[in-house]
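The structure file protein30.txt is reproduced below (compact mmCIF, C-alpha atoms).
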# COMPACT_ATOMS: atom_id res chain seq x y z
CA MET A 1 -22.68 18.36 85.89
CA SER A 2 -22.37 19.88 89.30
CA ALA A 3 -25.55 20.47 91.22
CA ARG A 4 -24.06 23.80 92.30
CA VAL A 5 -24.78 25.41 88.90
CA PRO A 6 -27.77 27.77 89.43
CA GLY A 7 -30.86 26.86 87.45
CA ALA A 8 -29.47 23.54 86.19
CA VAL A 9 -31.51 20.39 86.68
CA LEU A 10 -29.98 16.99 85.89
CA TYR A 11 -31.98 14.19 84.28
CA GLY A 12 -31.30 10.54 83.74
CA ALA A 13 -28.77 8.22 85.32
CA GLY A 14 -26.13 8.07 82.60
CA PRO A 15 -22.40 8.69 82.95
CA CYS A 16 -22.80 12.45 82.42
CA VAL A 17 -24.75 12.71 85.65
CA THR A 18 -22.61 10.46 87.78
CA ALA A 19 -19.20 11.54 86.50
CA GLY A 20 -19.71 15.32 86.62
CA ALA A 21 -19.82 17.75 83.71
CA ALA A 22 -16.14 18.54 83.41
CA ARG A 23 -15.30 14.83 83.09
CA CYS A 24 -18.24 13.77 80.96
CA GLY A 25 -16.83 11.60 78.19
CA PRO A 26 -17.88 10.87 74.60
CA ALA A 27 -21.10 9.10 73.78
CA ALA A 28 -21.28 5.74 72.03
CA LYS A 29 -19.61 6.01 68.62
CA ALA A 30 -21.47 5.65 65.35
CA THR A 31 -20.89 2.37 63.55
CA ALA A 32 -19.37 4.29 60.62
CA THR A 33 -16.63 5.81 62.79
CA THR A 34 -13.19 4.60 61.72
CA THR A 35 -10.69 2.95 64.04
CA ALA A 36 -8.37 5.95 63.67
CA GLU A 37 -11.13 8.34 64.67
CA LYS A 38 -11.96 6.18 67.70
CA THR A 39 -8.32 6.18 68.76
CA GLU A 40 -8.01 9.95 68.34
CA ARG A 41 -11.15 10.66 70.34
CA ALA A 42 -10.16 8.20 73.08
CA ALA A 43 -6.86 10.06 73.41
CA ALA A 44 -8.71 13.38 73.64
CA LYS A 45 -10.95 11.95 76.36
CA SER A 46 -7.98 10.72 78.38
CA ALA A 47 -6.47 14.21 78.11
CA GLY A 48 -9.57 15.70 79.71
CA GLY A 49 -11.32 16.96 76.59
CA ARG A 50 -15.07 16.79 76.00
CA GLY A 51 -14.82 15.43 72.44
CA ARG A 52 -16.95 16.78 69.61
CA VAL A 53 -19.50 19.24 70.98
CA LEU A 54 -22.42 20.53 68.94
CA VAL A 55 -23.68 24.07 69.50
CA ALA A 56 -27.05 24.70 67.86
CA ARG A 57 -28.76 27.97 67.00
CA LEU A 58 -31.14 27.51 64.10
CA ASP A 59 -32.52 30.94 63.24
CA ASP A 60 -31.07 34.17 61.80
CA ALA A 61 -27.57 35.62 61.45
CA GLY A 62 -27.93 38.05 64.35
CA ASP A 63 -29.03 35.29 66.70
CA VAL A 64 -26.00 33.23 65.67
CA LEU A 65 -23.60 36.13 66.27
CA LEU A 66 -25.09 36.59 69.73
CA ALA A 67 -24.23 32.94 70.43
CA GLY A 68 -20.54 33.75 69.98
CA PRO A 69 -19.62 34.02 73.69
CA ALA A 70 -21.31 30.68 74.38
CA VAL A 71 -19.34 29.09 71.53
CA ARG A 72 -16.05 30.40 72.90
CA ALA A 73 -16.92 28.98 76.32
CA VAL A 74 -17.63 25.57 74.81
CA ARG A 75 -14.36 25.70 72.88
CA THR A 76 -12.34 25.82 76.12
CA LEU A 77 -13.05 22.12 76.77
CA ALA A 78 -14.28 20.76 73.45
CA ASP A 79 -11.84 19.03 71.13
CA GLU A 80 -13.99 20.13 68.20
CA VAL A 81 -16.96 22.51 67.97
CA VAL A 82 -19.63 21.74 65.38
CA PHE A 83 -22.18 24.52 64.87
CA LEU A 84 -25.68 23.60 63.68
CA ALA A 85 -27.20 26.59 61.86
CA GLY A 86 -30.16 27.35 59.64
CA PRO A 87 -29.73 28.68 56.10
CA ARG A 88 -30.00 32.30 57.30
CA GLY A 89 -27.41 31.78 60.01
CA ARG A 90 -24.73 29.75 58.26
CA ALA A 91 -22.58 32.68 57.06
CA ALA A 92 -22.56 34.12 60.58
CA ALA A 93 -21.67 30.74 62.09
CA GLU A 94 -18.68 30.48 59.76
CA LEU A 95 -17.39 33.78 61.19
CA LEU A 96 -17.55 32.75 64.86
CA PRO A 97 -14.23 32.19 66.66
CA GLY A 98 -14.05 28.65 68.01
CA VAL A 99 -16.20 26.98 65.36
CA ASP A 100 -14.46 24.13 63.54
CA HIS A 101 -17.29 22.94 61.31
CA VAL A 102 -20.75 24.21 60.34
CA VAL A 103 -23.71 21.95 59.57
CA GLU A 104 -26.66 23.66 57.87
CA TRP A 105 -30.18 22.37 58.44
CA ARG A 106 -33.55 24.03 58.00
CA ALA A 107 -35.68 23.44 61.09
CA PRO A 108 -39.42 23.10 60.36
CA TRP A 109 -40.35 24.56 63.77
CA ILE A 110 -38.13 27.66 63.50
CA ASP A 111 -37.64 28.69 59.85
CA HIS A 112 -39.83 31.59 58.67
CA THR A 113 -40.84 29.60 55.57
CA PRO A 114 -40.80 26.12 57.11
CA PRO A 115 -40.31 23.03 54.97
CA PRO A 116 -42.56 20.02 55.50
CA VAL A 117 -41.41 17.45 58.01
CA THR A 118 -40.30 14.34 56.16
CA LYS A 119 -38.54 11.13 57.11
CA ALA A 120 -35.79 11.93 54.60
CA GLN A 121 -35.17 15.38 56.07
CA VAL A 122 -34.93 14.01 59.60
CA ALA A 123 -32.72 11.13 58.50
CA ASP A 124 -30.39 13.59 56.76
CA LEU A 125 -29.75 15.50 59.98
CA VAL A 126 -29.46 12.39 62.12
CA GLY A 127 -26.92 10.92 59.74
CA ARG A 128 -24.80 14.06 59.61
CA LEU A 129 -24.52 14.27 63.40
CA HIS A 130 -23.24 10.78 64.12
CA GLY A 131 -20.05 10.98 66.14
CA VAL A 132 -21.02 14.10 68.11
CA ASP A 133 -20.45 13.52 71.81
CA GLU A 134 -22.65 16.16 73.39
CA ALA A 135 -24.78 19.14 72.45
CA VAL A 136 -25.62 22.60 73.77
CA VAL A 137 -28.92 23.74 72.27
CA LEU A 138 -29.45 27.52 72.20
CA THR A 139 -32.93 28.97 71.74
CA SER A 140 -34.84 32.22 72.15
CA PHE A 141 -37.39 32.58 74.92
CA HIS A 142 -40.23 31.78 72.50
CA GLN A 143 -38.63 28.64 71.05
CA SER A 144 -38.56 25.08 72.31
CA ALA A 145 -35.35 23.06 72.39
CA LEU A 146 -37.20 19.75 72.64
CA PRO A 147 -37.85 18.96 68.94
CA LEU A 148 -34.14 19.26 68.21
CA ALA A 149 -33.25 17.36 71.38
CA LEU A 150 -35.33 14.42 70.14
CA LEU A 151 -33.43 14.37 66.83
CA LEU A 152 -30.12 14.62 68.65
CA ARG A 153 -31.04 11.57 70.70
CA LEU A 154 -31.77 9.70 67.48
CA ALA A 155 -28.29 10.72 66.28
CA GLY A 156 -26.80 9.01 69.35
CA ILE A 157 -25.85 12.15 71.28
CA ARG A 158 -25.90 11.13 74.92
CA ARG A 159 -25.49 14.46 76.73
CA ILE A 160 -27.73 17.40 75.82
CA THR A 161 -28.10 20.74 77.60
CA ALA A 162 -30.80 23.33 76.90
CA ILE A 163 -33.29 25.74 78.44
CA SER A 164 -36.69 24.12 78.86
CA ASN A 165 -39.55 25.34 80.99
CA ASP A 166 -41.55 22.38 79.70
CA TYR A 167 -40.92 18.95 81.20
CA PRO A 168 -38.22 17.38 78.99
CA GLY A 169 -38.42 13.80 80.20
CA SER A 170 -35.37 11.94 78.94
CA LEU A 171 -34.65 14.40 76.12
CA LEU A 172 -32.28 16.54 78.20
CA ASP A 173 -29.49 15.66 80.58
CA VAL A 174 -29.05 19.23 81.85
CA ARG A 175 -32.20 21.30 81.92
CA HIS A 176 -31.46 24.98 82.52
CA VAL A 177 -34.51 26.69 84.00
CA ILE A 178 -34.77 30.48 83.96
CA ASP A 179 -37.39 33.13 84.66
CA GLU A 180 -38.49 34.13 81.16
CA SER A 181 -40.33 37.18 82.50
CA VAL A 182 -36.93 38.81 83.12
CA ASP A 183 -35.34 40.33 80.02
CA VAL A 184 -31.69 39.28 79.83
CA PRO A 185 -29.43 40.18 76.88
CA GLU A 186 -29.54 37.28 74.46
CA ALA A 187 -25.75 36.83 74.45
CA GLU A 188 -25.74 36.46 78.25
CA ARG A 189 -28.74 34.14 78.19
CA MET A 190 -26.99 31.76 75.80
CA LEU A 191 -23.71 31.97 77.70
CA ALA A 192 -25.64 30.87 80.81
CA VAL A 193 -26.68 27.69 78.98
CA ALA A 194 -23.06 26.90 78.14
CA ARG A 195 -22.15 27.46 81.78
CA ALA A 196 -24.92 25.13 82.90
CA ALA A 197 -23.30 22.51 80.69
CA GLY A 198 -20.00 23.06 82.46
CA PHE A 199 -18.25 25.42 80.04
CA GLU A 200 -16.74 28.78 81.02
CA LEU A 201 -15.19 31.58 79.01
CA PRO A 202 -11.40 31.49 78.97
CA ALA A 203 -9.47 33.85 81.20
CA GLY A 204 -9.32 37.33 79.72
CA ASP A 205 -12.36 36.87 77.44
CA ASP A 206 -14.63 39.89 77.89
CA GLY A 207 -17.76 38.04 76.75
CA LYS A 208 -18.50 40.45 73.91
CA LEU A 209 -19.37 39.51 70.34
CA ALA A 210 -16.49 38.70 68.01
CA VAL A 211 -15.61 37.44 64.53
CA GLN A 212 -12.73 35.38 63.22
CA ARG A 213 -9.66 37.24 62.00
CA PRO A 214 -8.38 38.24 59.56
CA LEU A 215 -11.42 39.64 57.78
CA PRO A 216 -11.39 39.77 53.97
CA ASP A 217 -9.50 42.49 52.14
CA ILE A 218 -12.00 45.12 50.95
CA ASP A 219 -9.56 47.35 49.08
CA LYS A 220 -11.52 46.59 45.90
CA PHE A 221 -14.36 48.65 47.39
CA THR A 222 -12.24 51.56 48.64
CA GLY A 223 -12.38 53.69 45.51
CA HIS A 224 -16.13 53.35 45.37
CA LEU A 225 -16.47 54.18 49.06
CA LEU A 226 -14.64 57.47 48.56
CA SER A 227 -16.15 58.54 45.26
CA VAL A 228 -19.63 59.61 46.38
CA GLY A 229 -20.75 62.60 48.44
CA ALA A 230 -19.92 66.12 47.34
CA ASP A 231 -19.22 67.38 50.85
CA ALA A 232 -17.58 64.24 52.22
CA ASP A 233 -13.97 65.33 51.92
CA LYS A 234 -14.31 68.43 54.05
CA GLY A 235 -15.79 66.69 57.06
CA ALA A 236 -15.35 62.94 56.91
CA ALA A 237 -12.69 62.96 59.58
CA LYS A 238 -14.85 64.78 62.09
CA GLY A 239 -14.62 62.83 65.32
CA ALA A 240 -12.80 59.97 63.59
CA GLY A 241 -9.46 58.36 64.17
CA LYS A 242 -6.32 57.86 62.13
CA GLY A 243 -6.97 56.91 58.53
CA ALA A 244 -10.40 58.53 58.32
CA ASN A 245 -9.46 60.74 55.36
CA ASP A 246 -8.23 57.96 53.09
CA GLY A 247 -11.01 55.44 53.66
CA THR A 248 -8.70 52.80 55.11
CA GLY A 249 -9.02 53.45 58.84
CA LYS A 250 -11.68 53.32 61.50
CA GLY A 251 -14.22 56.09 61.12
CA ALA A 252 -13.86 56.53 57.35
CA TYR A 253 -17.63 56.66 56.76
CA VAL A 254 -21.10 56.04 58.20
CA VAL A 255 -22.90 52.89 57.03
CA VAL A 256 -26.66 52.89 56.52
CA HIS A 257 -28.28 49.45 56.22
CA PRO A 258 -31.98 49.90 55.32
CA GLY A 259 -33.11 46.28 55.00
CA THR A 260 -34.42 43.97 57.72
CA SER A 261 -35.67 40.40 57.85
CA ALA A 262 -39.22 41.49 58.82
CA PRO A 263 -41.36 44.44 57.68
CA ALA A 264 -42.34 45.25 61.28
CA ARG A 265 -38.69 46.15 62.00
CA THR A 266 -38.20 48.41 58.98
CA TRP A 267 -37.84 52.20 58.99
CA PRO A 268 -39.44 53.67 55.84
CA ALA A 269 -37.19 53.77 52.77
CA GLU A 270 -37.84 57.46 52.16
CA ARG A 271 -36.67 58.25 55.70
CA HIS A 272 -33.46 56.30 55.07
CA ARG A 273 -32.89 58.26 51.85
CA GLN A 274 -33.45 61.56 53.63
CA ALA A 275 -31.11 60.55 56.45
CA VAL A 276 -28.39 59.65 53.94
CA ARG A 277 -28.73 63.07 52.32
CA GLU A 278 -28.56 64.88 55.66
CA LEU A 279 -25.61 62.82 56.85
CA ALA A 280 -23.72 63.78 53.68
CA GLU A 281 -24.64 67.44 54.24
CA ASP A 282 -23.32 67.09 57.78
CA GLY A 283 -19.92 66.16 56.36
CA HIS A 284 -19.97 62.36 56.47
CA ARG A 285 -19.10 59.94 53.76
CA VAL A 286 -22.01 57.49 53.65
CA VAL A 287 -22.10 53.87 52.49
CA VAL A 288 -25.35 51.96 51.96
CA THR A 289 -25.30 48.18 52.35
CA GLY A 290 -27.78 45.37 51.99
CA THR A 291 -28.96 42.56 49.74
CA GLU A 292 -31.98 44.31 48.21
CA ARG A 293 -30.37 46.19 45.34
CA ASP A 294 -33.40 48.30 44.39
CA LEU A 295 -33.75 49.43 47.99
CA THR A 296 -30.07 50.27 48.48
CA ALA A 297 -29.91 52.14 45.17
CA TYR A 298 -32.94 54.24 46.14
CA VAL A 299 -31.60 54.98 49.62
CA ALA A 300 -28.11 55.86 48.36
CA GLY A 301 -29.29 58.17 45.59
CA ASP A 302 -26.49 60.51 44.53
CA ASP A 303 -25.30 61.06 48.09
CA ALA A 304 -23.83 57.70 49.13
CA ALA A 305 -21.82 54.77 47.86
CA ASP A 306 -24.14 51.85 47.09
CA LEU A 307 -22.73 48.43 48.01
CA GLY A 308 -26.08 46.68 47.68
CA GLY A 309 -25.56 43.03 46.80
CA ALA A 310 -21.80 43.53 46.43
CA THR A 311 -20.44 42.01 49.63
CA THR A 312 -20.33 38.62 51.26
CA PHE A 313 -21.24 38.49 54.94
CA ALA A 314 -17.54 38.44 55.87
CA GLU A 315 -16.82 41.39 53.56
CA LEU A 316 -19.71 43.25 55.14
CA ALA A 317 -18.02 42.71 58.51
CA ALA A 318 -14.88 44.32 57.12
CA VAL A 319 -16.86 47.26 55.72
CA LEU A 320 -18.55 47.74 59.10
CA GLU A 321 -15.25 47.54 60.94
CA ARG A 322 -14.00 50.67 59.14
CA ALA A 323 -17.22 52.60 59.81
CA SER A 324 -17.58 55.20 62.53
CA VAL A 325 -21.25 54.24 63.04
CA LEU A 326 -23.85 51.89 61.60
CA VAL A 327 -27.45 53.04 61.18
CA ALA A 328 -29.70 49.95 61.05
CA GLY A 329 -32.81 48.29 62.37
CA ASN A 330 -32.92 45.22 64.59
CA THR A 331 -31.23 42.98 62.06
CA GLY A 332 -28.14 40.84 61.62
CA PRO A 333 -25.75 43.62 60.52
CA ALA A 334 -26.44 45.50 63.77
CA HIS A 335 -24.99 42.53 65.66
CA LEU A 336 -22.22 42.18 63.09
CA ALA A 337 -21.27 45.81 63.77
CA ALA A 338 -21.16 45.02 67.48
CA ALA A 339 -18.92 42.04 66.75
CA VAL A 340 -16.35 44.31 65.04
CA GLY A 341 -16.63 47.07 67.66
CA THR A 342 -18.62 49.64 65.68
CA PRO A 343 -21.25 51.79 67.46
CA VAL A 344 -24.85 51.51 66.26
CA VAL A 345 -27.77 53.87 65.81
CA SER A 346 -30.47 51.26 66.33
CA LEU A 347 -33.88 51.85 64.72
CA PHE A 348 -35.49 49.37 67.06
CA ALA A 349 -39.12 48.26 66.76
CA PRO A 350 -40.34 46.95 70.14
CA VAL A 351 -41.96 43.79 68.72
CA VAL A 352 -39.20 42.05 70.70
CA PRO A 353 -37.57 43.50 73.82
CA ALA A 354 -34.61 45.81 73.24
CA ALA A 355 -33.20 44.62 76.56
CA ARG A 356 -32.68 41.24 74.90
CA TRP A 357 -31.76 42.13 71.32
CA ALA A 358 -30.30 45.63 71.21
CA PRO A 359 -26.67 45.84 69.94
CA TYR A 360 -24.53 44.18 72.62
CA GLY A 361 -21.28 45.45 74.06
CA VAL A 362 -20.85 48.61 71.94
CA PRO A 363 -22.08 52.22 72.30
CA ALA A 364 -25.57 52.48 70.84
CA VAL A 365 -28.41 54.98 70.55
CA LEU A 366 -31.85 53.39 70.50
CA LEU A 367 -34.50 55.15 68.40
CA GLY A 368 -38.15 54.13 68.21
CA ASP A 369 -41.08 54.16 70.61
CA GLN A 370 -40.39 51.22 72.90
CA GLN A 371 -43.84 51.56 74.49
CA ALA A 372 -45.79 51.37 71.20
CA PRO A 373 -48.86 49.08 70.99
CA CYS A 374 -46.86 46.47 69.05
CA ARG A 375 -44.60 45.94 72.05
CA ASP A 376 -43.61 42.29 72.67
CA SER A 377 -45.97 41.07 69.93
CA ARG A 378 -43.16 39.30 68.01
CA ALA A 379 -45.00 40.40 64.87
CA ARG A 380 -43.19 40.16 61.56
CA THR A 381 -45.69 42.50 59.90
CA CYS A 382 -46.70 45.57 61.90
CA PRO A 383 -50.09 45.02 63.58
CA VAL A 384 -50.65 48.76 64.19
CA PRO A 385 -51.82 51.05 61.35
CA GLY A 386 -49.18 53.58 60.36
CA HIS A 387 -46.28 51.65 61.95
CA PRO A 388 -45.99 54.36 64.65
CA CYS A 389 -43.10 52.86 66.60
CA LEU A 390 -40.64 53.69 63.79
CA SER A 391 -42.47 55.97 61.38
CA GLN A 392 -42.29 58.77 63.96
CA VAL A 393 -38.48 58.63 64.02
CA THR A 394 -37.08 61.52 61.97
CA SER A 395 -33.95 61.81 59.88
CA GLU A 396 -32.87 64.68 62.13
CA GLN A 397 -32.90 62.29 65.10
CA VAL A 398 -30.66 59.88 63.19
CA VAL A 399 -28.15 62.62 62.29
CA LYS A 400 -28.12 63.79 65.91
CA ALA A 401 -27.52 60.24 67.13
CA VAL A 402 -24.63 59.78 64.69
CA ARG A 403 -23.10 63.01 65.99
CA GLU A 404 -23.48 61.75 69.54
CA LEU A 405 -21.64 58.52 68.75
CA THR A 406 -18.82 60.16 66.76
CA GLN A 407 -17.97 63.06 69.05
Would you mind giving the structure from this file in structure tokens?
Amino acid sequence: MSARVPGAVLYGAGPCVTAGAARCGPAAKATATTTAEKTERAAAKSAGGRGRVLVARLDDAGDVLLAGPAVRAVRTLADEVVFLAGPRGRAAAELLPGVDHVVEWRAPWIDHTPPPVTKAQVADLVGRLHGVDEAVVLTSFHQSALPLALLLRLAGIRRITAISNDYPGSLLDVRHVIDESVDVPEAERMLAVARAAGFELPAGDDGKLAVQRPLPDIDKFTGHLLSVGADADKGAAKGAGKGANDGTGKGAYVVVHPGTSAPARTWPAERHRQAVRELAEDGHRVVVTGTERDLTAYVAGDDAADLGGATTFAELAAVLERASVLVAGNTGPAHLAAAVGTPVVSLFAPVVPAARWAPYGVPAVLLGDQQAPCRDSRARTCPVPGHPCLSQVTSEQVVKAVRELTQ
């Protein structure tokens, strides 16, 4: 690792420090590694590759999607990219370009319903990561990379890069230090960690979010998408591109996604239902998505197509790709929309900074009081009576924002 990388601090005296990041070779192999695997990896090393590189992001789907640019940077030098994801992030990890293999593990210090720490659970992860040569650990500003770094050391991974404002001792080889008081978009923050490890985006990569192609065929949903909304036919193409009238092209409908992973980030269900009705009256076909079927059915009513519980995560990406706009809170599908290039009306509760987690790289309209008393509280349940940051957002504001993004 070159000392010229801003914010990077090198630890230890191993080969990764003395040889330089771009030439850092594989770590000691696990005893279970076959002779053929050793030969293959030795050949990759001699060709200048970095071997098997682990990228870790252990929380939710949106966080994993935001790690996409960092993954693509790692892929430029890695012979294989292994992504370590939590249960809520696995489906997103499987959609990231550059990922060869996904390992799922539920981290007791990150998961919202954490499992107990047991020797068996730790041994399971350590055993599954044997043969990984180095790791890039990606975390949010309020998370520590050090518990995972310890387990990676036990798995025999000799070169580990992460952000750590706490002293890491021998747990990290490249410690990336940043000013956490400055709000940086999460995608850029994670890309900076990959760069500190010596990985850069390939030439021509714009650094935006992305998903693997091709996406699943969603023709089985098309009839349903077009069958709801009495006034949809007369105005669905307003401001949309080719194919908007037949439901197969970009701009065929507006998607409303009412669910979120935390109550503090949720716009009231009755407001969603009212917005769906007014969007249909404004001439839009409307599709409601989500995993909570009772909620999506209520929000859709008789005015929208209800796809609640009907799609996989990859199919949801395909549904969002055809949309003119997504209306959603700060939740995974907002980042999935950004990854397929769809603008977002973001109902954003300021419990975390919008500068970090607003939809990245696509046109977006941010609704919600960003100066509300819950600001930066990281609360999962609203700490302020009446949930004022979002409850004051009206359906009329949502319709206006959709118009703004489709004109």
Closest to Ala162 in chain A among A:Ala197, A:Val184, A:Leu129, A:Leu390, using all atoms listed in the file? A:Ala197
Box centre and edge lengths (Å, one decimal), axis-aligned, range 113-127 of chain A plus 5 Å each side, as lines of an AutoDock Vina configuration file:
center_x = -34.7
center_y = 20.3
center_z = 58.4
size_x = 25.6
size_y = 28.7
size_z = 17.5
Would you list the contacts of range 214-221 of chain A as a PyMOL selection string, taking every protein, DNA or RNA residue within 12 Å and counting all atoms listed in the file, but skipping same-chain residues closer than 6 positions in sequence? chain A and resi 94-97+227+246-249+287+305-308+310-322+339-340
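With distances taken over all atoms listed in the file, A:His257 is the one residue among A:Arg72, A:His257, A:His101, A:Arg265 lying closest to Thr291 in chain A.
Here CA of Gln274 in chain A and CA of Thr394 in chain A stand 9.1 Å from one another.
Using all atoms listed in the file, the shortest contact distance between Gly86 in chain A and any of A:Asp63, A:Gly98, A:Val299, A:Ser324 is found at A:Asp63.
Going from CA of Thr406 in chain A over to CA of Ala334 in chain A, you cover 16.8 Å.
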